[in-house]
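Data block below; observations after.
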Amino acid sequence: MTSKNQKIQLEVINVPLYDYECFSCGKRFEVFIGMNDSQENCIYCESNKIGKIVPNISKKVDKDNFKEKTGDIVKKHIEDSKAELKKEKQKLKESYR
Ligand SMILES: [Zn+2]
């Protein structure tokens, strides 16, 4: 029971904001999903011809995470290669002895 409740809370925190675009007046606005289930009308002209653009915050977080991860992978790869090279050199030295 407790774990189920925690999961629901996390999901609400992860999807706080959505960008919507109104096709009638062309304005964009942000909506807190989770407060209301979904936005169906433009907040400016109340037209129902609106479309969701992208989850605002999730996109930003993903981008930052991706950048960080790639940097780490590259760094690790370089370090691995260096270690590998060192090992190879060591092996060569030993075989000459
Ligand atoms: Zn509108």
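Labels used: A, B, ... for chains in the order of the structure tokens, numbers from 1 for residues in each chain, and numbers from 1 for ligands as shown.
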- prompt: Counting only C-alpha atoms and all ligand atoms, what residues are within 6 Å of ligand 1, given as a list of chain:residue names?
  reply: A:Cys22, A:Ser24, A:Cys25, A:Lys27, A:Cys42, A:Tyr44, A:Cys45, A:Glu46, A:Ser47
Kindly export the residues of the current selection with N, CA and C atoms, as a PDB file, in the first residue's frame.
```
ATOM      1  N   CYS A  22      -2.163  26.763 -29.066  1.00  0.00           N
ATOM      2  CA  CYS A  22      -3.525  26.913 -29.552  1.00  0.00           C
ATOM      3  C   CYS A  22      -3.482  27.138 -31.058  1.00  0.00           C
ATOM      4  N   SER A  24      -6.021  28.069 -32.819  1.00  0.00           N
ATOM      5  CA  SER A  24      -6.948  29.143 -33.194  1.00  0.00           C
ATOM      6  C   SER A  24      -6.297  30.509 -33.066  1.00  0.00           C
ATOM      7  N   CYS A  25      -5.636  30.765 -31.933  1.00  0.00           N
ATOM      8  CA  CYS A  25      -5.041  32.090 -31.733  1.00  0.00           C
ATOM      9  C   CYS A  25      -3.516  32.034 -31.801  1.00  0.00           C
ATOM     10  N   LYS A  27      -1.345  31.116 -29.672  1.00  0.00           N
ATOM     11  CA  LYS A  27      -0.616  31.371 -28.432  1.00  0.00           C
ATOM     12  C   LYS A  27      -0.191  30.064 -27.773  1.00  0.00           C
ATOM     13  N   CYS A  42      -8.008  26.326 -24.837  1.00  0.00           N
ATOM     14  CA  CYS A  42      -7.032  27.413 -24.772  1.00  0.00           C
ATOM     15  C   CYS A  42      -7.394  28.348 -23.622  1.00  0.00           C
ATOM     16  N   TYR A  44      -6.581  31.380 -23.462  1.00  0.00           N
ATOM     17  CA  TYR A  44      -6.786  32.731 -23.976  1.00  0.00           C
ATOM     18  C   TYR A  44      -8.139  32.878 -24.677  1.00  0.00           C
ATOM     19  N   CYS A  45      -8.397  31.967 -25.647  1.00  0.00           N
ATOM     20  CA  CYS A  45      -9.620  32.143 -26.434  1.00  0.00           C
ATOM     21  C   CYS A  45     -10.610  30.995 -26.209  1.00  0.00           C
ATOM     22  N   GLU A  46     -10.237  30.043 -25.343  1.00  0.00           N
ATOM     23  CA  GLU A  46     -11.104  28.919 -24.981  1.00  0.00           C
ATOM     24  C   GLU A  46     -11.430  28.000 -26.143  1.00  0.00           C
ATOM     25  N   SER A  47     -10.651  28.074 -27.198  1.00  0.00           N
ATOM     26  CA  SER A  47     -10.820  27.145 -28.306  1.00  0.00           C
ATOM     27  C   SER A  47     -10.354  25.759 -27.874  1.00  0.00           C
TER      28      SER A  47
END
```
- prompt: Distance CA of Gln39 in chain A-CA of Tyr20 in chain A, one decimal place?
  reply: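 Between CA of Gln39 in chain A and CA of Tyr20 in chain A the gap works out to 8.5 Å.
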Atomic distance CA of Lys89 in chain A - CA of Val74 in chain A, expressed in Å with one decimal: 22.5 Å
